[in-house]
Structures are given as C-alpha cells and as structure tokens.
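> Questions regarding the structure given below will be posed in turn.
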Amino acid sequence: MEFPADSPLQSDCLGSIVLLSESQPFLHIDKRDLDVLSCIYRINKEVRMEGGVRKTYDVVIVGGGPAGLTAGLYTSRSRLRSVLIENGLLGGQMTTTENVENYPGFPQGIAGDELSRLMEEQAKRFGLEVVSEYVVEVKLEGDKKVVTTAERSYPCDVLIICTGTEYRKLGVPGEKEFAGKGVSYCATCDGAFFQGNQIVVVGGGDSALTEALYLTKFVKEVTIIHRRDALRGTKIYQERVFANPKIKLLWNSAIQEIKGGQTVQSVRVRNLKTGEITEHGIQGVFLFVGLLPRTQFLKGLVEMDEEGYILTGENGETSVKGIFAAGDCRKKLVRQIATAVGDGATAACAAEKYLELKG
C-alpha cells in the first residue's frame, strides 16, 4: 500500500501501523507477520538528511549476516559511503550456532555469536554505518535505488541484498498454536527450557542433526523424525548422532499434528510406508525442515526462482543493474558461513567496479 510522502506513521503495541493524516481517514495496516522488534515508536517516511540536503549512499546493504558484514567491510575499506540495514541481530542465523567447526582459521571451532561479534567489530572499524530498521520496499528512481524502511528512505547507487533465509514452517495443525509453547526453530535459543524432557526434532539435514546433538545437553531423550530412510546431513554429524545414546530415529515418518493444553504434550506421527498413525508423548518439537529466502519485499523487482531465491551471475549481479545479491538469499549450491563470506566479498568488489564504470 502506498502512503503520501508527507504522512506521519505510528506503530501501536499490537504490531500495526497507524496512518495519521489530515486529509485521509484513520487507517490500520496489520504488521503482525513482519517481526517488528519494537512495540511503540514514531515513524516518519523521510530520507536521512545531511546539512539540509538529501543524503545519498554509494552502497546500501540489506541484511547483517556474514555476507552483509563482509560486504560492508569491503565497501567501507574502499571508502564507499555505506550503510548496513538489519532489523535483527547482526550475524543472522550464525548467532544461534553453538560451535562453528568448518570456518577456516579456528582449529578448535568458534561460537557463532563470538564470530558474529568479531565480524561486526571488524566491519565497523572501517566506518561502516549500521542501523536497526525493517526494510519494507525497494524502488528505482532512474539509476538510483531507494530502500524504504518503516522509519525513513535510503537513496543509493548500489544495493547489495544479503537478507539470508528463515526456517520453513511444517504447516501442520498445532504448529502455530504452540509456537513458543513447546514448538521451536532454534535449539540454542530454547534448549535449556527443556531440561530433562523428551522432545522430537524434525528433519534430516545438517541443521536438524547439529541441533539434536546440542539438545542432548539438556533433554532426557531426542527422537529425530525423518521422512526418508537415510539422513541427508554431513557424514561426521551422522556418525555423532548414531553414536549418541540419547538420540533415536523414527524413519519414513512425518508429523500429522501437534497436540497439547497450555503447552505441547504429544505429536501424532504417520508412517509414510504403512500409513499407521501413532501418538508420542513429548514436551517439545524442534523443526528444521528447510529454508525460505527473505526476499518477499523484492518480488517484481529482480528475477527469482519459484522459491524466491534471487537469480544472480557469477559476481552476484541480479537482473537489475546496480543491484547485487550475496549469501543464502541467492540461488546457489551450498549455504554455509564460508560461502556467504565469499559472496559478500565478491558482490562488494563487483559493486565497486560498477561504480567506477558508472563514473
């Protein structure tokens, strides 16, 4: 929905945006699904000003995970006026990883939140500006790109999209109702709440396996429910799962329903080969069934595949000149911290070259 440029906006405690205008009626726009972090704040759709003049950036980076922080490090070191916009924690999903074992330079591994802190510190050292805001729209004004958040607009010559992914929902009855009441998508965040409980982990990839292993620190028993008869995760994680006495596996199975009262109490599981449905008494459900790109605000602007991953060239260039994509939000084979860092560096260097040629 388009608002008049001079219309002040305000958010209420229910996560709605309220439009206040002398010429238009009182209007609410629901934002419950936008992960708004602050409950009450004054919003004006304005551009940042510098000496009374509209402030334009060389580069705007949307997303503060490893790709975004690396892109910001490179552009700021190149003395390009750069701002990174992130509405959550800098580091993204990296912050929820207990121990990163496969990032070069740390033989004993490193905690995800510590690696995030180091990346942030390094990028800011060279003058990267970081703001905590939620991007709602990107528009083109000639060869300029205008990134609009709930608070203001950021005109720029180059835009680098590093928004990453979010966990895919399972879509079964009870999942939404028990979110935060036994249903979780982050073992590092919520594992300690399930001390001595029996829980299930749904999925068979790296995320499911590493989170299941982490949860054994707290819970009595973990059951991994997987649709197939073989795991898809990295072999070393599979070996650790099979060797852990607290973990058992339920093959060729899928959750049909999550049940409970005030909190989760059981799950109904269907055997995909026999059709048999069984009910299992548990206290927690951790879901790791794939990822979805955070690119909804770009639909219609750049080319994407059917799942919403941004289609790019070798150097991160999208279908729109001056817009690049890096990290997990673009279509690629591998989504790891190391590949995101490489993407961020490549996109930043390509952005600098684009600006040089543009003059």
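Chain labels follow the order of the structure tokens: the first chain is A, the next B, and so on; residue numbering restarts at 1 in every chain, and ligands are counted from 1 in their shown order.
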Check range 137-308 of chain A with DSSP on the backbone and list each residue it calls strand (DSSP E), as a count of residues only.

68

> Excluding Tyr185 in chain A and residues on its chain fewer than 4 positions from it, collect all residues at most 8 Å away from it, counting only C-alpha atoms, and give them as a list in words.

Tyr167, Phe286, Leu287 and Phe288 of chain A

> Excluding Leu213 in chain A and its own-chain neighbours fewer than 5 positions away, which residues fall within 12 Å of it when counting only C-alpha atoms? Please give them as a ChimeraX atom specification.

/A:97-99,187-188,191,200-201,206-208,218-219,221-224,236-248

> My list of candidates is A:Glu177, A:Asp113, A:Glu137, A:Glu279. Which is closest to Gln296 in chain A when distances are computed with only C-alpha atoms?

A:Glu137

> Residues of range 37-249 of chain A in alpha helix (DSSP H) according to DSSP, as a compact mmCIF listing (two decimals) with N, CA and C atoms, in the first residue's frame?


# COMPACT_ATOMS: atom_id res chain seq x y z
N PRO A 66 26.72 -12.97 7.78
CA PRO A 66 28.12 -12.98 7.34
C PRO A 66 28.33 -12.36 5.96
N ALA A 67 27.38 -12.54 5.04
CA ALA A 67 27.51 -11.93 3.71
C ALA A 67 27.43 -10.42 3.81
N GLY A 68 26.45 -9.91 4.55
CA GLY A 68 26.27 -8.47 4.68
C GLY A 68 27.43 -7.80 5.40
N LEU A 69 27.90 -8.42 6.48
CA LEU A 69 29.01 -7.85 7.24
C LEU A 69 30.29 -7.84 6.41
N THR A 70 30.51 -8.89 5.61
CA THR A 70 31.69 -8.92 4.75
C THR A 70 31.59 -7.87 3.65
N ALA A 71 30.41 -7.76 3.04
CA ALA A 71 30.22 -6.74 2.02
C ALA A 71 30.47 -5.35 2.60
N GLY A 72 29.98 -5.12 3.82
CA GLY A 72 30.19 -3.83 4.47
C GLY A 72 31.64 -3.56 4.79
N LEU A 73 32.36 -4.61 5.18
CA LEU A 73 33.80 -4.49 5.44
C LEU A 73 34.52 -4.04 4.17
N TYR A 74 34.22 -4.69 3.05
CA TYR A 74 34.91 -4.38 1.81
C TYR A 74 34.55 -3.00 1.27
N THR A 75 33.27 -2.65 1.29
CA THR A 75 32.88 -1.34 0.72
C THR A 75 33.38 -0.19 1.58
N SER A 76 33.33 -0.35 2.90
CA SER A 76 33.80 0.72 3.78
C SER A 76 35.32 0.88 3.68
N ARG A 77 36.05 -0.23 3.53
CA ARG A 77 37.50 -0.15 3.34
C ARG A 77 37.85 0.54 2.03
N GLY A 112 29.20 -19.28 17.41
CA GLY A 112 28.62 -18.46 16.36
C GLY A 112 28.45 -17.01 16.77
N ASP A 113 28.01 -16.76 18.02
CA ASP A 113 27.81 -15.38 18.44
C ASP A 113 29.14 -14.63 18.57
N GLU A 114 30.22 -15.33 18.92
CA GLU A 114 31.54 -14.70 19.01
C GLU A 114 32.06 -14.35 17.61
N LEU A 115 31.87 -15.26 16.66
CA LEU A 115 32.28 -14.98 15.29
C LEU A 115 31.50 -13.78 14.74
N SER A 116 30.23 -13.70 15.07
CA SER A 116 29.41 -12.57 14.65
C SER A 116 29.96 -11.26 15.23
N ARG A 117 30.30 -11.29 16.51
CA ARG A 117 30.82 -10.09 17.16
C ARG A 117 32.12 -9.63 16.52
N LEU A 118 33.00 -10.57 16.20
CA LEU A 118 34.27 -10.23 15.58
C LEU A 118 34.07 -9.64 14.18
N MET A 119 33.15 -10.22 13.42
CA MET A 119 32.87 -9.70 12.08
C MET A 119 32.30 -8.29 12.15
N GLU A 120 31.40 -8.06 13.11
CA GLU A 120 30.81 -6.74 13.28
C GLU A 120 31.88 -5.72 13.66
N GLU A 121 32.72 -6.07 14.62
CA GLU A 121 33.78 -5.17 15.07
C GLU A 121 34.72 -4.80 13.92
N GLN A 122 35.06 -5.78 13.11
CA GLN A 122 35.97 -5.53 12.00
C GLN A 122 35.35 -4.62 10.95
N ALA A 123 34.07 -4.85 10.63
CA ALA A 123 33.41 -4.01 9.62
C ALA A 123 33.25 -2.57 10.11
N LYS A 124 32.88 -2.41 11.37
CA LYS A 124 32.69 -1.06 11.91
C LYS A 124 34.00 -0.31 12.04
N ARG A 125 35.08 -1.03 12.18
CA ARG A 125 36.40 -0.40 12.32
C ARG A 125 36.70 0.52 11.14
N ALA A 187 17.39 -24.50 18.67
CA ALA A 187 17.80 -25.24 19.86
C ALA A 187 18.67 -24.39 20.77
N THR A 188 19.57 -23.60 20.20
CA THR A 188 20.44 -22.76 21.01
C THR A 188 19.64 -21.76 21.83
N CYS A 189 18.56 -21.24 21.22
CA CYS A 189 17.72 -20.25 21.90
C CYS A 189 16.90 -20.89 23.03
N ASP A 190 16.32 -22.07 22.77
CA ASP A 190 15.29 -22.60 23.66
C ASP A 190 15.64 -23.92 24.34
N ASP A 206 21.80 -31.02 7.98
CA ASP A 206 22.79 -30.57 8.96
C ASP A 206 22.16 -29.83 10.14
N SER A 207 21.21 -28.96 9.86
CA SER A 207 20.58 -28.19 10.95
C SER A 207 19.91 -29.12 11.95
N ALA A 208 19.14 -30.07 11.46
CA ALA A 208 18.44 -31.00 12.34
C ALA A 208 19.43 -31.81 13.18
N LEU A 209 20.49 -32.28 12.56
CA LEU A 209 21.44 -33.15 13.27
C LEU A 209 22.25 -32.37 14.31
N THR A 210 22.75 -31.21 13.93
CA THR A 210 23.55 -30.43 14.90
C THR A 210 22.70 -29.93 16.06
N GLU A 211 21.45 -29.57 15.77
CA GLU A 211 20.58 -29.09 16.84
C GLU A 211 20.17 -30.25 17.76
N ALA A 212 19.95 -31.42 17.18
CA ALA A 212 19.63 -32.60 18.00
C ALA A 212 20.79 -32.93 18.94
N LEU A 213 22.00 -32.88 18.42
CA LEU A 213 23.17 -33.14 19.26
C LEU A 213 23.29 -32.11 20.37
N TYR A 214 23.03 -30.86 20.05
CA TYR A 214 23.10 -29.81 21.08
C TYR A 214 22.05 -30.04 22.16
N LEU A 215 20.86 -30.44 21.76
CA LEU A 215 19.76 -30.63 22.72
C LEU A 215 20.03 -31.76 23.71
N LYS A 235 28.37 -36.38 6.90
CA LYS A 235 28.67 -37.69 7.47
C LYS A 235 29.17 -37.62 8.91
N ILE A 236 29.98 -36.61 9.22
CA ILE A 236 30.51 -36.54 10.59
C ILE A 236 29.40 -36.28 11.60
N TYR A 237 28.38 -35.51 11.19
CA TYR A 237 27.23 -35.29 12.07
C TYR A 237 26.40 -36.56 12.21
N GLN A 238 26.25 -37.29 11.11
CA GLN A 238 25.52 -38.56 11.17
C GLN A 238 26.20 -39.52 12.15
N GLU A 239 27.52 -39.60 12.06
CA GLU A 239 28.26 -40.50 12.96
C GLU A 239 28.02 -40.14 14.42
N ARG A 240 28.02 -38.85 14.72
CA ARG A 240 27.81 -38.40 16.09
C ARG A 240 26.39 -38.70 16.56
N VAL A 241 25.42 -38.54 15.66
CA VAL A 241 24.03 -38.84 16.00
C VAL A 241 23.86 -40.32 16.31
N PHE A 242 24.37 -41.18 15.44
CA PHE A 242 24.23 -42.63 15.63
C PHE A 242 24.93 -43.11 16.91
N ALA A 243 25.99 -42.40 17.31
CA ALA A 243 26.75 -42.81 18.48
C ALA A 243 26.20 -42.26 19.79

> Please, what distance in Å, to one decimal, runs between CA of Leu170 in chain A and CA of Gly63 in chain A?

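So the answer is 24.9 Å.
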
> With distances taken over only C-alpha atoms, which residue among A:Asp229, A:Glu175, A:Glu166, A:Glu356 lies nearest Thr295 in chain A?

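Among A:Asp229, A:Glu175, A:Glu166, A:Glu356, it is A:Glu166 that comes nearest to Thr295 in chain A.
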